[in-house]
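Have a look at the structure below before the remarks.
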Amino acid sequence: MIKLTILDGHAVNPGDLPWDFLKKYADITVYERTPQEQVANRIADSDAIFLNKIQITEDILSQCPNLKYIGVLATGYNVIDLDAARRHNITVTNIPAYSTDSVAQHVFSFILYFTNQVAQHSQSVMNGDWVKCPDFCYWNGSLSELAGKTLGIFGYGHIGSRVAQIGKAFGMNVICCTRTPKPDMPTSVSFEELLKCSDFLTLHAPLTPQTTNIINKDSLKLMKPTAYLINTARGGFIVEQDLADCLNTGGIAGFAADVLLKEPMAQDNPLLGAKNCVITPHIAWAPYETRKRLQGIAEANLKAWLDGSPVNVVS
């Protein structure tokens with residue numbers, strides 16, 4: 001039986017989804033978290049490892065002669081030096097498309113936060129404002145309908161297309177900008193037109209040299225002052241100081257994110273305390289059902305590798 005080490009198991013399983021299902025394949029060791037400097041020592045004699053955000057470098061792989069399989073417990077695999085993995089004949093797999101529904105749901109939780117202001121009004125009621133109100137109803141700020149608004153989608157993969165479906169169900173006008181157009185895609189526009197026309201702009205493209213810092217002071221100037229920007233994809237899309245400046249001067253109406261350039265959030269992040277800025281701590285992928293699905297795909301990946309026919313291979 002192989003030796004399998006899980007380096008940062010807490011991310012996927014903080015206690016509600018045990019790893020026992022892997023025991024039929026391997027002798028497993030689970031670490032809740034692993035400091036980067038302890039990685040090589042902890043996996044030195046492992047045949048296979050699972051990880052989420054731990055970096056695997058040439059230096060680490062050179063100290064792990066038994067290692068033949070790396071299972072990334074996420075879709076993104078930029079934490080792995082793939083060239084080094086190839087040199088050491090190590091198979092690397094990822095978990096594609098497991099969080100499509102949960103991330104799309106999170107996008108609309110942000111959108112509805114801005115349009116319906118449920119949290120703001122509930123807090124007002126709990127503060128006693130309705131009790132003191134002379135009318136049967138009141139509202140703080142402007143409420144709005146999604147029907148007829150333009151939803152701009154940057155990137156049209158699994159998540160982007162699911163967001164488009166939900167947007168259409170709300171009666172929104174959906175437009176998108178993508179490098180790989182598809183036959184069933186909504187109206188395709190340039191990135192500049194996407195910025196100019198969107199009432200809600202949500203980011204779902206891969207992070208590449210071309211998309212890094214694509215949201216900056218120049219691109220933000222093209223957006224409507226009434227528009228909202230949403231990022232549940234990658235923090236690297238955004239120049240955070242430029243966005244904070246834009247929010248604080250009313251350049252756009254609001255911003256919501258589940259991802260940042262540096263995670264956990266740094267104390268000096270300019271978005272901390274910015275106007276009309278909503279940030280959640282990278283939880284769009286975290287519903288119970290989503291993490292259970294991730295574990296199921298991770299198991300299938302491991303079994304396929306053990307059977308000699310690996311799937312979801314990235315290296």
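Chain lettering (A, B, ...) mirrors the order of the structure tokens, residue numbering begins at 1 for each chain separately, and ligand numbering begins at 1 in order of display.
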Exercise. In region 51-102 of chain A, what's strand (DSSP E) per DSSP? Answer as JSON, numbers by chain?
Worked result: {"A": [51, 69, 70, 71, 72, 91, 92, 93]}
For this session: Skip region 142-149 of chain A itself and residues of its chain fewer than 5 positions away, then list as number ranges by chain all residues within 6 Å of it, counting only C-alpha atoms.
Result: A: 115-116, 170-173
Export of the given selection (C-alpha atoms) as a PDB file, in the first residue's frame:
ATOM      1  CA  THR A 115     -29.577  45.492  -5.325  1.00  0.00           C
ATOM      2  CA  ASN A 116     -31.751  44.320  -2.400  1.00  0.00           C
ATOM      3  CA  PHE A 170     -33.308  37.146 -13.809  1.00  0.00           C
ATOM      4  CA  GLY A 171     -34.149  38.805 -17.133  1.00  0.00           C
ATOM      5  CA  MET A 172     -30.753  40.447 -17.515  1.00  0.00           C
ATOM      6  CA  ASN A 173     -29.121  41.399 -20.789  1.00  0.00           C
TER       7      ASN A 173
END
Exercise. Any idea what the distance is between CA of Asn94 (chain A) and CA of Ala286 (chain A)?
Worked result: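 Between CA of Asn94 (chain A) and CA of Ala286 (chain A) the gap is 16.7 Å.
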Problem set entry | For region 152-162 of chain A: contacts at 9 Å, only C-alpha atoms, fewer than 6 positions along chain excluded, given as a ChimeraX atom specification | /A:97,99-101,103-104,173-182,185-186,191,194-195,197-206
Generate a file of the selected residues that holds C-alpha atoms, formatted as an mmCIF file, in the first residue's frame.
data_model
loop_
_atom_site.group_PDB
_atom_site.id
_atom_site.type_symbol
_atom_site.label_atom_id
_atom_site.label_comp_id
_atom_site.auth_asym_id
_atom_site.auth_seq_id
_atom_site.Cartn_x
_atom_site.Cartn_y
_atom_site.Cartn_z
ATOM 1 C CA ALA A 97 -15.285 22.167 -12.629
ATOM 2 C CA SER A 99 -17.258 24.483 -7.846
ATOM 3 C CA THR A 100 -19.210 25.824 -10.827
ATOM 4 C CA ASP A 101 -22.572 26.041 -9.076
ATOM 5 C CA VAL A 103 -19.158 30.104 -7.306
ATOM 6 C CA ALA A 104 -21.991 31.204 -9.610
ATOM 7 C CA ASN A 173 -29.121 41.399 -20.789
ATOM 8 C CA VAL A 174 -25.988 39.228 -20.859
ATOM 9 C CA ILE A 175 -22.828 40.133 -22.769
ATOM 10 C CA CYS A 176 -19.411 38.543 -22.540
ATOM 11 C CA CYS A 177 -15.796 38.857 -23.560
ATOM 12 C CA THR A 178 -13.742 35.687 -23.974
ATOM 13 C CA ARG A 179 -10.707 34.445 -25.875
ATOM 14 C CA THR A 180 -12.548 31.271 -26.942
ATOM 15 C CA PRO A 181 -16.011 32.091 -28.376
ATOM 16 C CA LYS A 182 -18.622 29.334 -28.265
ATOM 17 C CA MET A 185 -22.508 32.162 -26.067
ATOM 18 C CA PRO A 186 -24.388 35.404 -25.327
ATOM 19 C CA PHE A 191 -13.161 44.120 -23.425
ATOM 20 C CA LEU A 194 -17.707 45.127 -21.826
ATOM 21 C CA LEU A 195 -16.374 47.776 -19.455
ATOM 22 C CA CYS A 197 -21.803 48.674 -21.142
ATOM 23 C CA SER A 198 -21.952 46.529 -18.001
ATOM 24 C CA ASP A 199 -24.133 47.411 -15.034
ATOM 25 C CA PHE A 200 -22.595 44.412 -13.274
ATOM 26 C CA LEU A 201 -19.205 43.124 -14.459
ATOM 27 C CA THR A 202 -18.072 39.755 -13.136
ATOM 28 C CA LEU A 203 -14.618 38.240 -13.765
ATOM 29 C CA HIS A 204 -14.183 34.564 -14.715
ATOM 30 C CA ALA A 205 -11.178 34.343 -17.049
ATOM 31 C CA PRO A 206 -7.927 32.480 -16.344
#
Problem set entry | Residue among A:Gln120, A:Asn78, A:Thr91, A:Asn127 lying closest to Leu306 (chain A), counting only C-alpha atoms | A:Thr91
For this session: Quick one: pull the distance between CA of Asn89 (chain A) and CA of Leu22 (chain A), Å, one decimal.
Result: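 About the pair CA of Asn89 (chain A) and CA of Leu22 (chain A): they are 23.2 Å apart.
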Problem set entry | Selection: 8 Å around region 265-280 of chain A, only C-alpha atoms, excl. self and same-chain fewer than 2 positions, as number ranges by chain | A: 110, 240-241, 243-244, 247-248, 253-260, 262-263, 282-283
When you look at Ile2 (chain A) with a cut-off of 9 Å (counting only C-alpha atoms), what residues show up, excluding the ones that are within fewer than 3 positions of it in the same chain? I need them as a PDB file with N, CA and C atoms, in the first residue's frame.
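Written file, part_10.pdb:
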ATOM      1  N   TYR A  25      -6.962   2.912  -0.179  1.00  0.00           N
ATOM      2  CA  TYR A  25      -5.956   3.062  -1.222  1.00  0.00           C
ATOM      3  C   TYR A  25      -4.548   3.246  -0.670  1.00  0.00           C
ATOM      4  N   ALA A  26      -4.469   3.781   0.545  1.00  0.00           N
ATOM      5  CA  ALA A  26      -3.142   4.201   1.012  1.00  0.00           C
ATOM      6  C   ALA A  26      -3.082   4.271   2.525  1.00  0.00           C
ATOM      7  N   ASP A  27      -1.841   4.244   3.000  1.00  0.00           N
ATOM      8  CA  ASP A  27      -1.548   4.585   4.393  1.00  0.00           C
ATOM      9  C   ASP A  27      -1.460   6.110   4.435  1.00  0.00           C
ATOM     10  N   ILE A  28      -2.435   6.761   5.076  1.00  0.00           N
ATOM     11  CA  ILE A  28      -2.523   8.215   4.964  1.00  0.00           C
ATOM     12  C   ILE A  28      -2.072   8.930   6.237  1.00  0.00           C
ATOM     13  N   SER A  46       7.003   9.935   1.004  1.00  0.00           N
ATOM     14  CA  SER A  46       5.648   9.721   0.476  1.00  0.00           C
ATOM     15  C   SER A  46       5.689   9.301  -0.991  1.00  0.00           C
ATOM     16  N   ASP A  47       4.757   8.427  -1.352  1.00  0.00           N
ATOM     17  CA  ASP A  47       4.579   8.050  -2.754  1.00  0.00           C
ATOM     18  C   ASP A  47       3.637   9.022  -3.465  1.00  0.00           C
ATOM     19  N   ALA A  48       2.697   9.585  -2.699  1.00  0.00           N
ATOM     20  CA  ALA A  48       1.690  10.481  -3.267  1.00  0.00           C
ATOM     21  C   ALA A  48       1.343  11.541  -2.241  1.00  0.00           C
TER      22      ALA A  48
END
For this session: Might you pull out every residue within 10 Å of Gln117 (chain A), with only C-alpha atoms counted and same-chain residues fewer than 4 positions away left off, and present them as an NGL selection string?
Result: :A and (111-113 or 121-122 or 139-144)
Exercise. Interatomic distance between CA of Thr290 (chain A) and CA of Tyr98 (chain A)?
Worked result: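 Computing the Euclidean distance for CA of Thr290 (chain A) and CA of Tyr98 (chain A) yields 6.6 Å.
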